[in-house]
Each structure stands twice: as C-alpha cells, then as structure tokens.
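*Asks:* Structure provided below as structure tokens; questions to follow.
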Amino acid sequence: MEGELLAAIAGLVGLVTGVAAGLAFRISESDRDHTPDPAPQSGLPAGIAEVLAALPSSAVVLDSTDRVLRASSAARAYRIVSGDELLIGELLALARQVRRDGVIRETEIEVAVRRFGPDSTSFAVRVAPLGGTGLILVLAEDQTERRRVEAVRRDFVANISHELKTPVGALSLLAETINDASDDPEAVRRFATRMKHEADRLTSLIQDLITLSRIQGAEPLAEPVEVALDTVVEESLDAVRTAADTKNIELVSGGDTDVLTMGDEGLLITALRNLVANAVSYSPENTRVAVSVQTTATTVEISVADQGIGIPQQDLERIFERFYRVDAARSRATGGTGLGLAIVKHVMTLHRGEVTVWSKEGEGSTFTLRLPRTETPEPPSSDGNTYREAAQ
C-alpha cells in the first residue's frame, strides 16, 4: 500500500515536471519569435556629430537608404537638404556610387538660390564613405567668393597691363620720333615735353600701385597719431592748385577748424588730395570746388563738392573699384590712373572710417570722408594735473 502511494506521487511529480518543461519551451519559442530584428543604424557614431558641427563646409550624412541623418544649417539654407531628403539629384547619384564601391569622389555643382544676392552659388563637393558604418558623408564648400576674388585678380592683371602699356608705348614712339627729328631743335623740344608728360604719368601710376599695395587688406593702424585736419585740407588743396588755376577753378575751404582725428597724416592727405584732384579734373572751367569739415558728437566729416559732370546712378556702386572708369576716354585724357578712388576707400577702411558719394549728372558730385572723432584734451588744472575724457 505504501509502495503504491509512493509510485503515485512520483508519477504526479513527473507529470508536473513534464508540463512545466513543455510550457517553458513554448514560452521560450514564443519570446524568440517576437524578438525584433536588429534595426539599421539610425544615429551617428560617437564623436561624428561634434566633428561635423566644427566643419565650415555644408555637411550632410546619408544612411543606407539615402535618408538624411544629419545636415548642417548651411546645407538647409542653400536648399541642398529639405527635411530628411537630399534635393540635388547629382549629389544623390554620386552618394550611391560611393556606397557601392567605397571610392571618394569630387565634383562642382551650381545651386540656384532664392534669396538676395547671386542667382546661383557654386560649390566644390566631396563625397566619401564614413568609416565602416555604411553612412555617406557629403561636404559642399561655397566657392562663390573665391571665384569672385579670382575674377577680380584676373581683371586687375589685365587692367594694369593695359595701363602700363599705354605710357610705355608712347615713350618708345616718342623716342623714335626724336631720333628721326634730331636735326629739328623745335621738334625735339616738343617731343621731349611730351615724353616728360608720359613719364610723369607712368610714375604716378606706379606710385599709386605701391600705395594701394601697402594699404589694401591691412589691419587698422596699430599706432595712429593725432592729426590736425586743417593741415590735411591745406596740403591737399595746395597739391592741386596749379591744375585748378589752369582751368580757372576756384578752390575754397570752410567749416569747423582745429579739428583733430587719430590716424596717418600722409595717408589722409593722399585720400583727400585724390578727391580734390578728381573734382578739378572732372569740372568745367570757371567753376568751384569746395572742401568743408563738419563734426558731430562721434565723427568728423570732410566733404569735397564740385560743379562737374556728375556720375551716372548705375556707376555709383562701382567707382571705388580699381581701374573702373565712368568715362575711360576722358579719364585717360586727364591723365588719371583709375586707382585714386580705390586708394581713398582703403585709406578709410584703414582708419575705421568710410567714404560716401552723392552725385547727379550735370549738377556735380559730393564725396564725404567720415572718420572717428578725437576729443581735445582738457587744459591742465591749477595743480598741474591734466584731465582727459574717461574714454581716454
């Protein structure tokens, strides 16, 4: 009886164990069936986001399905990317080629922009695999400014070659003429005078190039000195008085006196002299050129007004470019180098100032130099101490 009871208990235990094992196996199978497959990588590897944020170029990262995982603000601003989609078909095709063979590719593209400025932007593009992650990196660097600078440089070389060729060619021709007319003293004197004129023109051009090269792109003056504008105005007018007298043009000055500013006296005289010389050159006979100095709480303004031919509205934005001429024939006839206003602009930049222009055809022009004002120190007090403005 006791043996039968033990056998029954053993059988029940075995039944329970078998049922439990079966349930455990089924649960295990069920869990395994419902375990999701590993998802494709949807984020950037550690550290990549920080590197991309530091890049100056427009950066885009694509996953294996061509979906944009990360795009810089510049890439979105230029409409290279919208949402999680790469909009430039050429770049998308390039990214797929790189994904297939792992070979880095480079190209240049033009992207139309819907904003103020140029109609399109040029980009130098580099497409590369991002390590072994299966991701693709697209870098697009804006080349518009670089191309503009290259175009300006090419224009400068072409213009300076032409400007140098004119007086050099004239000197060569005049030398031959003098040689042929060596037995005619009057002709020799006439041609020699002309040679001196061309030599002076060449010297002026070279000097302007040296001046422009020295000041262009330089940092603001490291050690400016106190400059009396009365001296700047007086010397600038004296330098062109002979040319003005030849055309019976009256040179006058007025406005505030004893005004000081900080800067380089020589460069300020050069800038103002160029403006006055232009005013005299482009004014008819029996007119007036006026230079005036006005001060405000923070600035000093030196204006040069003439009664000349004026400047067309469409040319006003370009007159400060090197060698740009509103009337090339007239400018060469007056002996201009085409660099005077470019020098004025860079002198003002060097002095943390600006130059502006108002002009109307047939009525004349007014150029204004605007500079930071320098306060005159207070006189010494009775105890010998000198009081200065708190800003000093």
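Ligands are numbered from 1 in the order shown, chains are lettered A, B, ... in the order of the structure tokens, and residues start at 1 in each chain.
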Quick one: residues within 12 Å of A:Leu173, only C-alpha atoms, excluding same-chain residues fewer than 4 positions away - as a list in words?
*Replies:* Lys165, Thr166, Pro167, Val168, Gly169, Thr177, Ile178, Asn179, Asp180, Phe191, Ala192, Arg194, Met195 and Glu198 of chain A
*Asks:* Restrict the selected residues to N, CA and C atoms and save them as a short mmCIF file (atom, residue, chain, number, x, y, z; two decimals), in the first residue's frame.
*Replies:*
```cif
data_model
loop_
_atom_site.label_atom_id
_atom_site.label_comp_id
_atom_site.auth_asym_id
_atom_site.auth_seq_id
_atom_site.Cartn_x
_atom_site.Cartn_y
_atom_site.Cartn_z
N LYS A 165 51.07 99.61 -70.47
CA LYS A 165 51.42 99.54 -71.88
C LYS A 165 51.26 100.89 -72.57
N THR A 166 50.25 101.66 -72.17
CA THR A 166 49.96 102.93 -72.85
C THR A 166 51.11 103.94 -72.73
N PRO A 167 51.55 104.29 -71.50
CA PRO A 167 52.66 105.26 -71.43
C PRO A 167 53.99 104.69 -71.92
N VAL A 168 54.23 103.40 -71.69
CA VAL A 168 55.49 102.81 -72.15
C VAL A 168 55.54 102.84 -73.67
N GLY A 169 54.42 102.48 -74.32
CA GLY A 169 54.38 102.54 -75.77
C GLY A 169 54.56 103.95 -76.30
N THR A 177 60.69 109.13 -82.57
CA THR A 177 60.40 110.37 -83.28
C THR A 177 61.49 111.40 -83.05
N ILE A 178 61.96 111.51 -81.81
CA ILE A 178 63.03 112.46 -81.51
C ILE A 178 64.30 112.09 -82.26
N ASN A 179 64.56 110.79 -82.34
CA ASN A 179 65.76 110.34 -83.06
C ASN A 179 65.68 110.75 -84.54
N ASP A 180 64.48 110.61 -85.10
CA ASP A 180 64.31 110.96 -86.51
C ASP A 180 64.36 112.47 -86.74
N PHE A 191 58.66 117.13 -78.54
CA PHE A 191 58.51 115.72 -78.23
C PHE A 191 59.11 115.37 -76.86
N ALA A 192 60.15 116.09 -76.47
CA ALA A 192 60.73 115.85 -75.15
C ALA A 192 59.74 116.24 -74.05
N ARG A 194 56.53 116.11 -74.35
CA ARG A 194 55.53 115.04 -74.34
C ARG A 194 56.06 113.80 -73.63
N MET A 195 57.35 113.48 -73.83
CA MET A 195 57.96 112.34 -73.14
C MET A 195 57.92 112.53 -71.63
N GLU A 198 54.44 111.75 -70.37
CA GLU A 198 54.17 110.32 -70.29
C GLU A 198 54.96 109.66 -69.16
#
```
*Asks:* Would you please extract all strand (DSSP E) residues from stretch 118-160 of chain A, as assigned by DSSP on the backbone, and give them as a ChimeraX atom specification?
*Replies:* /A:120-130,135-142
*Asks:* Find the spatial neighbours of A:Asn274, counting only C-alpha atoms, within a cut-off of 9 Å - ignore same-chain residues fewer than 6 positions away - and output them as a list in words.
*Replies:* Ser236, Gly340, Leu341, Ile343 and Val344 of chain A
*Asks:* Let me see the file: selected residues, N, CA and C atoms, as a short mmCIF file (atom, residue, chain, number, x, y, z; two decimals), in the first residue's frame.
*Replies:*
```cif
data_model
loop_
_atom_site.label_atom_id
_atom_site.label_comp_id
_atom_site.auth_asym_id
_atom_site.auth_seq_id
_atom_site.Cartn_x
_atom_site.Cartn_y
_atom_site.Cartn_z
N SER A 236 46.28 119.27 -49.13
CA SER A 236 45.57 118.67 -50.24
C SER A 236 45.21 119.71 -51.29
N GLY A 340 42.73 106.17 -57.95
CA GLY A 340 42.57 107.18 -56.90
C GLY A 340 41.46 106.87 -55.92
N LEU A 341 40.27 106.52 -56.42
CA LEU A 341 39.15 106.26 -55.52
C LEU A 341 39.31 104.94 -54.77
N ILE A 343 42.14 103.87 -53.68
CA ILE A 343 43.04 104.23 -52.58
C ILE A 343 42.26 104.94 -51.47
N VAL A 344 41.37 105.85 -51.86
CA VAL A 344 40.54 106.56 -50.87
C VAL A 344 39.76 105.56 -50.02
#
```
*Asks:* When you count only C-alpha atoms, which of these residues is closest to A:Gly353: A:Asp315, A:Glu50, A:Glu141, A:Glu301?
*Replies:* A:Glu301
*Asks:* With distances taken over only C-alpha atoms, which residue among A:Val280, A:Leu171, A:Ala71, A:Ala297 lies nearest A:Ala243?
*Replies:*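 That would be A:Val280, the residue with the smallest distance to A:Ala243.
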*Asks:* For A:Arg147, please output as a ChimeraX atom specification all residues within 12 Å (counting only C-alpha atoms; exclusion window: fewer than 6 positions along the same chain).
*Replies:* /A:121-124,153-154
*Asks:* Create the file for the chosen residues now, containing N, CA and C atoms and written as an mmCIF file, in the first residue's frame.
*Replies:*
```cif
data_model
loop_
_atom_site.group_PDB
_atom_site.id
_atom_site.type_symbol
_atom_site.label_atom_id
_atom_site.label_comp_id
_atom_site.auth_asym_id
_atom_site.auth_seq_id
_atom_site.Cartn_x
_atom_site.Cartn_y
_atom_site.Cartn_z
ATOM 1 N N THR A 121 24.830 79.626 -56.560
ATOM 2 C CA THR A 121 26.028 79.500 -55.740
ATOM 3 C C THR A 121 26.812 78.299 -56.219
ATOM 4 N N SER A 122 28.115 78.482 -56.360
ATOM 5 C CA SER A 122 28.983 77.399 -56.816
ATOM 6 C C SER A 122 29.550 76.664 -55.604
ATOM 7 N N PHE A 123 29.492 75.327 -55.651
ATOM 8 C CA PHE A 123 30.007 74.508 -54.563
ATOM 9 C C PHE A 123 31.036 73.518 -55.085
ATOM 10 N N ALA A 124 32.123 73.347 -54.332
ATOM 11 C CA ALA A 124 33.056 72.246 -54.547
ATOM 12 C C ALA A 124 32.619 71.122 -53.612
ATOM 13 N N ARG A 153 41.137 89.429 -59.521
ATOM 14 C CA ARG A 153 42.587 89.351 -59.731
ATOM 15 C C ARG A 153 42.920 89.311 -61.226
ATOM 16 N N ARG A 154 42.153 88.545 -61.983
ATOM 17 C CA ARG A 154 42.392 88.494 -63.427
ATOM 18 C C ARG A 154 42.151 89.860 -64.069
#
```
*Asks:* In Å to one decimal, how far is atom CA of A:Val357 from atom CA of A:Pro312?
*Replies:*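 Distance between the two atoms: 11.8 Å.
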*Asks:* Just want the 12 Å neighbourhood of A:Ile109, counted on only C-alpha atoms, with same-chain residues fewer than 5 positions away dropped. Output as a ChimeraX atom specification.
*Replies:* /A:80,88-91,94,120-126,139-144
*Asks:* Next, write the just-selected residues to a file, as a PDB file, in the first residue's frame, keeping N, CA and C atoms as the atom set.
*Replies:*
```pdb
ATOM      1  N   ILE A  80      20.097  72.535 -50.214  1.00  0.00           N
ATOM      2  CA  ILE A  80      20.699  71.253 -50.592  1.00  0.00           C
ATOM      3  C   ILE A  80      19.915  70.122 -49.949  1.00  0.00           C
ATOM      4  N   ILE A  88      19.499  67.548 -54.289  1.00  0.00           N
ATOM      5  CA  ILE A  88      20.313  67.641 -55.501  1.00  0.00           C
ATOM      6  C   ILE A  88      20.506  66.233 -56.075  1.00  0.00           C
ATOM      7  N   GLY A  89      19.865  65.973 -57.217  1.00  0.00           N
ATOM      8  CA  GLY A  89      19.935  64.642 -57.816  1.00  0.00           C
ATOM      9  C   GLY A  89      21.349  64.216 -58.143  1.00  0.00           C
ATOM     10  N   GLU A  90      22.184  65.146 -58.584  1.00  0.00           N
ATOM     11  CA  GLU A  90      23.572  64.827 -58.925  1.00  0.00           C
ATOM     12  C   GLU A  90      24.337  64.325 -57.706  1.00  0.00           C
ATOM     13  N   LEU A  91      24.088  64.952 -56.554  1.00  0.00           N
ATOM     14  CA  LEU A  91      24.758  64.515 -55.328  1.00  0.00           C
ATOM     15  C   LEU A  91      24.238  63.161 -54.864  1.00  0.00           C
ATOM     16  N   LEU A  94      25.866  60.508 -56.920  1.00  0.00           N
ATOM     17  CA  LEU A  94      27.263  60.373 -56.517  1.00  0.00           C
ATOM     18  C   LEU A  94      27.382  59.593 -55.214  1.00  0.00           C
ATOM     19  N   SER A 120      22.879  82.038 -58.387  1.00  0.00           N
ATOM     20  CA  SER A 120      23.298  80.683 -58.063  1.00  0.00           C
ATOM     21  C   SER A 120      24.573  80.725 -57.250  1.00  0.00           C
ATOM     22  N   THR A 121      24.830  79.626 -56.560  1.00  0.00           N
ATOM     23  CA  THR A 121      26.028  79.500 -55.740  1.00  0.00           C
ATOM     24  C   THR A 121      26.812  78.299 -56.219  1.00  0.00           C
ATOM     25  N   SER A 122      28.115  78.482 -56.360  1.00  0.00           N
ATOM     26  CA  SER A 122      28.983  77.399 -56.816  1.00  0.00           C
ATOM     27  C   SER A 122      29.550  76.664 -55.604  1.00  0.00           C
ATOM     28  N   PHE A 123      29.492  75.327 -55.651  1.00  0.00           N
ATOM     29  CA  PHE A 123      30.007  74.508 -54.563  1.00  0.00           C
ATOM     30  C   PHE A 123      31.036  73.518 -55.085  1.00  0.00           C
ATOM     31  N   ALA A 124      32.123  73.347 -54.332  1.00  0.00           N
ATOM     32  CA  ALA A 124      33.056  72.246 -54.547  1.00  0.00           C
ATOM     33  C   ALA A 124      32.619  71.122 -53.612  1.00  0.00           C
ATOM     34  N   VAL A 125      32.313  69.953 -54.167  1.00  0.00           N
ATOM     35  CA  VAL A 125      31.694  68.862 -53.396  1.00  0.00           C
ATOM     36  C   VAL A 125      32.652  67.689 -53.273  1.00  0.00           C
ATOM     37  N   ARG A 126      32.675  67.078 -52.083  1.00  0.00           N
ATOM     38  CA  ARG A 126      33.445  65.869 -51.826  1.00  0.00           C
ATOM     39  C   ARG A 126      32.523  64.856 -51.147  1.00  0.00           C
ATOM     40  N   LEU A 139      30.242  66.714 -48.338  1.00  0.00           N
ATOM     41  CA  LEU A 139      30.733  68.036 -47.937  1.00  0.00           C
ATOM     42  C   LEU A 139      30.659  68.975 -49.138  1.00  0.00           C
ATOM     43  N   ALA A 140      30.035  70.134 -48.976  1.00  0.00           N
ATOM     44  CA  ALA A 140      29.893  71.111 -50.060  1.00  0.00           C
ATOM     45  C   ALA A 140      30.435  72.452 -49.575  1.00  0.00           C
ATOM     46  N   GLU A 141      31.484  72.953 -50.226  1.00  0.00           N
ATOM     47  CA  GLU A 141      32.117  74.215 -49.837  1.00  0.00           C
ATOM     48  C   GLU A 141      31.757  75.310 -50.832  1.00  0.00           C
ATOM     49  N   ASP A 142      31.247  76.413 -50.329  1.00  0.00           N
ATOM     50  CA  ASP A 142      30.836  77.542 -51.170  1.00  0.00           C
ATOM     51  C   ASP A 142      32.059  78.164 -51.842  1.00  0.00           C
ATOM     52  N   GLN A 143      32.057  78.175 -53.180  1.00  0.00           N
ATOM     53  CA  GLN A 143      33.182  78.693 -53.952  1.00  0.00           C
ATOM     54  C   GLN A 143      32.902  80.064 -54.567  1.00  0.00           C
ATOM     55  N   THR A 144      31.746  80.650 -54.278  1.00  0.00           N
ATOM     56  CA  THR A 144      31.354  81.892 -54.936  1.00  0.00           C
ATOM     57  C   THR A 144      32.339  83.018 -54.665  1.00  0.00           C
TER      58      THR A 144
END
```
*Asks:* Residues at most 10 Å from A:Ile319, counting only C-alpha atoms, excluding those fewer than 2 positions away in the same chain, as a PyMOL selection string?
*Replies:* chain A and resi 311+314-317+321-326+338-342+357
*Asks:* Of the candidates A:Asn159, A:Ser182, A:Ser72, A:Ser64, which one gets nearest to A:Ala49 if we count only C-alpha atoms?
*Replies:* A:Ser72
*Asks:* In Å, with one decimal, what is the gap from atom CA of A:Arg288 to atom CA of A:Phe367?
*Replies:*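 So the answer is 14.6 Å.
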*Asks:* What is the atom CA of A:Val291-atom CA of A:Thr368 distance in Å, reported with one decimal?
*Replies:* 9.6 Å
*Asks:* For stretch 250-261 of chain A, work out the shell of residues within 10 Å, counting only C-alpha atoms and skipping chain neighbours fewer than 3 positions away, then give it as number ranges by chain.
*Replies:* A: 224-231, 233-234, 237-238, 240-241, 244-245, 247, 264-265, 276, 280, 285-295, 299-304, 306, 351, 371-376
